[in-house]
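Undergrad: To start, I am sharing the structure in question, which I have written as structure tokens.
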Amino acid sequence: GQVWGDEKGHQKGQLAGLAKERMQGLQEGKEQAMHSLRAALQSLGEPLNMLTSQLQALHGEWQEILRKDVIDLVERVARQVVRCELTLQPAQILALVEETLQGMPQRTGEVQVYLNPADLLRIQELDASRIPAWHLWADNSLEPGECRLRVGEEEVDAGCKQRLSACMDQVREQLMPPESL
């Protein structure tokens, strides 16, 4: 009975040992499989991360291009509106000159206004009572809507271009992020 019991205990011990080794082997295999799976998923994720970064960069570039296009469109439309307004209402140039004169610190001397020849012709067609007592001169170097005025020794730009440029600077500040200005 003793030998048979020892043998049975030995077999039982062997089976328990095998079961333990088997469980340990299964656990190690499971851990290796999980490790391999994580590595495979990570390697799959790298191109996806790269693609995501590229898409974000493209989206940023597209938004910047779109903002620049909007700014260019606003500027073109504004120029066209100014041109039409000055063609239809040439007295608007005189209003710009008056506004500029009011902003000058001292106004001693004759007021001489230099205008684009076409603008000067349109202004001269106005009722003479609407034209202030200034000396108006044609200047071929000035674009339509542009004018300079001279009071004594002081000369100032009183045209539309610099005003439009200041307005467009404000539009750019509103639409463009600071790093792209």
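Residue numbers start at 1 in each chain; chains themselves are named A, B, ... in the order of the structure tokens; ligands are numbered from 1 in the order shown.
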For A:Val111, list every protein, DNA or RNA residue within 8 Å, evaluated using only C-alpha atoms, and leave out those in the same chain fewer than 5 positions away; present the list as a PyMOL selection string.
TA: chain A and resi 134-135+149-152
Undergrad: Output N, CA, C and O atoms for every residue in that selection, as a PDB file, in the first residue's frame.
TA:
ATOM      1  N   TRP A 134     -10.046 127.180 -52.727  1.00  0.00           N
ATOM      2  CA  TRP A 134      -8.696 126.608 -52.736  1.00  0.00           C
ATOM      3  C   TRP A 134      -8.170 126.699 -54.156  1.00  0.00           C
ATOM      4  O   TRP A 134      -8.920 126.828 -55.120  1.00  0.00           O
ATOM      5  N   HIS A 135      -6.867 126.608 -54.285  1.00  0.00           N
ATOM      6  CA  HIS A 135      -6.259 126.531 -55.626  1.00  0.00           C
ATOM      7  C   HIS A 135      -6.175 125.054 -55.994  1.00  0.00           C
ATOM      8  O   HIS A 135      -5.506 124.278 -55.325  1.00  0.00           O
ATOM      9  N   LEU A 149      -2.278 117.944 -50.590  1.00  0.00           N
ATOM     10  CA  LEU A 149      -2.556 119.357 -50.389  1.00  0.00           C
ATOM     11  C   LEU A 149      -1.339 120.025 -49.763  1.00  0.00           C
ATOM     12  O   LEU A 149      -0.576 119.406 -49.034  1.00  0.00           O
ATOM     13  N   ARG A 150      -1.190 121.257 -50.127  1.00  0.00           N
ATOM     14  CA  ARG A 150      -0.054 122.041 -49.645  1.00  0.00           C
ATOM     15  C   ARG A 150      -0.601 123.312 -49.001  1.00  0.00           C
ATOM     16  O   ARG A 150      -1.391 124.027 -49.614  1.00  0.00           O
ATOM     17  N   VAL A 151      -0.174 123.520 -47.750  1.00  0.00           N
ATOM     18  CA  VAL A 151      -0.559 124.740 -47.038  1.00  0.00           C
ATOM     19  C   VAL A 151       0.748 125.375 -46.589  1.00  0.00           C
ATOM     20  O   VAL A 151       1.448 124.827 -45.737  1.00  0.00           O
ATOM     21  N   GLY A 152       1.073 126.513 -47.194  1.00  0.00           N
ATOM     22  CA  GLY A 152       2.368 127.133 -46.899  1.00  0.00           C
ATOM     23  C   GLY A 152       3.486 126.179 -47.290  1.00  0.00           C
ATOM     24  O   GLY A 152       3.572 125.733 -48.417  1.00  0.00           O
TER      25      GLY A 152
END
Undergrad: Could the residues of stretch 8-87 of chain A that have an atom at most 10 Å from stretch 158-165 of chain A be listed as JSON lines, each with its closest atom pair and the distance in Å to one decimal, counting only C-alpha atoms and ordered by chain and ascending residue number?
TA:
{"residue": "A:Glu75", "atom": "CA", "partner": "A:Leu164", "partner_atom": "CA", "distance": 8.2}
{"residue": "A:Ala78", "atom": "CA", "partner": "A:Leu164", "partner_atom": "CA", "distance": 7.8}
{"residue": "A:Arg79", "atom": "CA", "partner": "A:Leu164", "partner_atom": "CA", "distance": 7.8}
{"residue": "A:Val82", "atom": "CA", "partner": "A:Cys160", "partner_atom": "CA", "distance": 7.8}
{"residue": "A:Arg83", "atom": "CA", "partner": "A:Cys160", "partner_atom": "CA", "distance": 9.4}
{"residue": "A:Leu86", "atom": "CA", "partner": "A:Cys160", "partner_atom": "CA", "distance": 9.8}
Undergrad: What is the atom CA of A:Glu99-atom CA of A:Val77 distance in Å, reported with one decimal?
TA: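 If I compute the distance from atom CA of A:Glu99 to atom CA of A:Val77, I get 23.7 Å.
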Undergrad: Which distance in Å separates atom CA of A:Val97 and atom CA of A:Arg148, to one decimal?
TA: 8.3 Å
Undergrad: Taking the chain letters and numbering used in this document, name the residues of chain A that DSSP puts in strand (DSSP E or B), as a list in words.
TA: Val111, Gln112, Val113, Tyr114, Leu115, His135, Leu136, Trp137, Ala138, Cys147, Arg148, Leu149, Arg150, Val151, Glu154, Glu155, Val156 and Asp157 of chain A
Undergrad: Within stretch 6-161 of chain A, find each residue whose DSSP state, derived from the backbone, is helix (DSSP H, G or I), and express the selection as a PyMOL selection string.
TA: chain A and resi 6-88+91-103+117-124+128-130+160-161
Undergrad: Give me the residues within 8 Å of A:Glu143 as a list of chain:residue names, counting only C-alpha atoms and dropping any in the same chain fewer than 3 places off.
TA: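 Once the adjacent positions are removed, what remains is A:Asn116, A:Asn140, A:Glu146.
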Undergrad: Would you save the residues from that selection as a tab-separated table (two decimals), in the first residue's frame, using all heavy atoms?
TA:
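Below you can see again-v5.tsv, which holds the result:
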chain	number	residue	atom	x	y	z
A	116	ASN	N	-5.74	114.25	-59.42
A	116	ASN	CA	-5.67	113.55	-60.71
A	116	ASN	C	-6.46	114.39	-61.71
A	116	ASN	O	-7.53	114.91	-61.36
A	116	ASN	CB	-6.29	112.15	-60.53
A	116	ASN	CG	-6.49	111.44	-61.84
A	116	ASN	OD1	-7.47	111.66	-62.53
A	116	ASN	ND2	-5.54	110.59	-62.17
A	140	ASN	N	-0.55	114.78	-63.02
A	140	ASN	CA	-0.62	113.49	-63.74
A	140	ASN	C	-0.04	112.32	-62.95
A	140	ASN	O	-0.33	111.17	-63.26
A	140	ASN	CB	0.11	113.60	-65.09
A	140	ASN	CG	-0.65	114.48	-66.06
A	140	ASN	OD1	-1.87	114.39	-66.15
A	140	ASN	ND2	0.06	115.35	-66.77
A	146	GLU	N	-6.70	110.05	-55.55
A	146	GLU	CA	-5.55	110.50	-54.75
A	146	GLU	C	-5.40	112.01	-54.87
A	146	GLU	O	-5.66	112.57	-55.93
A	146	GLU	CB	-4.26	109.81	-55.22
A	146	GLU	CG	-4.27	108.31	-55.04
A	146	GLU	CD	-4.64	107.90	-53.62
A	146	GLU	OE1	-3.98	108.36	-52.67
A	146	GLU	OE2	-5.60	107.14	-53.46
Undergrad: Got a sec: who's within 12 Å of A:Met176, counting only C-alpha atoms, leaving out chain neighbours fewer than 2 positions off, as a compact mmCIF listing (two decimals) with N, CA, C and O atoms, in the first residue's frame?
TA:
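Output saved as selection.txt:
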# COMPACT_ATOMS: atom_id res chain seq x y z
N GLY A 60 -4.44 73.98 -41.37
CA GLY A 60 -3.94 75.30 -40.97
C GLY A 60 -3.56 76.14 -42.18
O GLY A 60 -3.89 77.32 -42.26
N GLN A 63 -6.70 77.27 -44.02
CA GLN A 63 -7.36 78.38 -43.33
C GLN A 63 -6.62 79.69 -43.58
O GLN A 63 -7.24 80.73 -43.79
N GLU A 64 -5.28 79.65 -43.57
CA GLU A 64 -4.51 80.87 -43.81
C GLU A 64 -4.73 81.37 -45.24
O GLU A 64 -4.91 82.56 -45.46
N ILE A 65 -4.72 80.44 -46.20
CA ILE A 65 -4.97 80.82 -47.60
C ILE A 65 -6.36 81.42 -47.74
O ILE A 65 -6.56 82.44 -48.40
N LEU A 66 -7.34 80.80 -47.08
CA LEU A 66 -8.71 81.30 -47.14
C LEU A 66 -8.81 82.70 -46.55
O LEU A 66 -9.43 83.59 -47.14
N ARG A 67 -8.14 82.93 -45.40
CA ARG A 67 -8.16 84.27 -44.80
C ARG A 67 -7.52 85.29 -45.73
O ARG A 67 -8.03 86.39 -45.90
N LYS A 68 -6.38 84.91 -46.35
CA LYS A 68 -5.71 85.83 -47.28
C LYS A 68 -6.60 86.14 -48.47
O LYS A 68 -6.67 87.28 -48.93
N ASP A 69 -7.31 85.11 -48.97
CA ASP A 69 -8.23 85.32 -50.10
C ASP A 69 -9.36 86.27 -49.71
O ASP A 69 -9.75 87.13 -50.49
N VAL A 70 -9.88 86.11 -48.50
CA VAL A 70 -10.96 86.99 -48.02
C VAL A 70 -10.44 88.43 -47.93
O VAL A 70 -11.11 89.37 -48.36
N ILE A 71 -9.23 88.59 -47.38
CA ILE A 71 -8.65 89.93 -47.24
C ILE A 71 -8.45 90.56 -48.62
O ILE A 71 -8.79 91.72 -48.84
N MET A 168 -7.46 98.42 -44.22
CA MET A 168 -7.08 97.04 -44.53
C MET A 168 -6.14 96.48 -43.46
O MET A 168 -6.18 95.30 -43.16
N ASP A 169 -5.31 97.33 -42.86
CA ASP A 169 -4.46 96.88 -41.76
C ASP A 169 -5.33 96.38 -40.60
O ASP A 169 -5.02 95.37 -39.97
N GLN A 170 -6.42 97.09 -40.34
CA GLN A 170 -7.33 96.67 -39.27
C GLN A 170 -8.01 95.35 -39.63
O GLN A 170 -8.18 94.48 -38.78
N VAL A 171 -8.40 95.19 -40.89
CA VAL A 171 -9.02 93.95 -41.34
C VAL A 171 -8.03 92.79 -41.16
O VAL A 171 -8.39 91.73 -40.65
N ARG A 172 -6.78 93.01 -41.58
CA ARG A 172 -5.75 91.96 -41.43
C ARG A 172 -5.55 91.58 -39.96
O ARG A 172 -5.42 90.40 -39.64
N GLU A 173 -5.51 92.58 -39.09
CA GLU A 173 -5.34 92.31 -37.65
C GLU A 173 -6.49 91.45 -37.13
O GLU A 173 -6.27 90.58 -36.28
N GLN A 174 -7.69 91.69 -37.63
CA GLN A 174 -8.86 90.92 -37.16
C GLN A 174 -8.87 89.50 -37.70
O GLN A 174 -9.25 88.58 -37.00
N PRO A 178 -1.70 86.45 -35.12
CA PRO A 178 -0.50 87.30 -34.97
C PRO A 178 0.78 86.72 -35.58
O PRO A 178 1.57 87.45 -36.14
N GLU A 179 0.95 85.39 -35.54
CA GLU A 179 2.21 84.81 -36.04
C GLU A 179 2.35 84.89 -37.55
O GLU A 179 3.43 84.79 -38.08
N SER A 180 1.23 85.12 -38.30
CA SER A 180 1.36 85.17 -39.76
C SER A 180 1.39 86.59 -40.29
O SER A 180 1.46 86.82 -41.46
N LEU A 181 1.32 87.60 -39.41
CA LEU A 181 1.40 89.01 -39.87
C LEU A 181 2.84 89.40 -40.07
O LEU A 181 3.73 88.92 -39.43
Undergrad: Could you list, as a PyMOL selection string, every residue within 9 Å of A:Leu136, counting only C-alpha atoms and ignoring same-chain residues fewer than 4 positions away?
TA: chain A and resi 111-115+120
Undergrad: Could you save the residues just selected, with C-alpha atoms, as an mmCIF file, in the first residue's frame?
TA:
data_model
loop_
_atom_site.group_PDB
_atom_site.id
_atom_site.type_symbol
_atom_site.label_atom_id
_atom_site.label_comp_id
_atom_site.auth_asym_id
_atom_site.auth_seq_id
_atom_site.Cartn_x
_atom_site.Cartn_y
_atom_site.Cartn_z
ATOM 1 C CA VAL A 111 -4.446 125.938 -49.658
ATOM 2 C CA GLN A 112 -3.302 124.267 -52.854
ATOM 3 C CA VAL A 113 -4.881 120.956 -53.780
ATOM 4 C CA TYR A 114 -3.238 118.649 -56.348
ATOM 5 C CA LEU A 115 -5.607 116.161 -57.986
ATOM 6 C CA LEU A 120 -10.159 117.784 -61.255
#
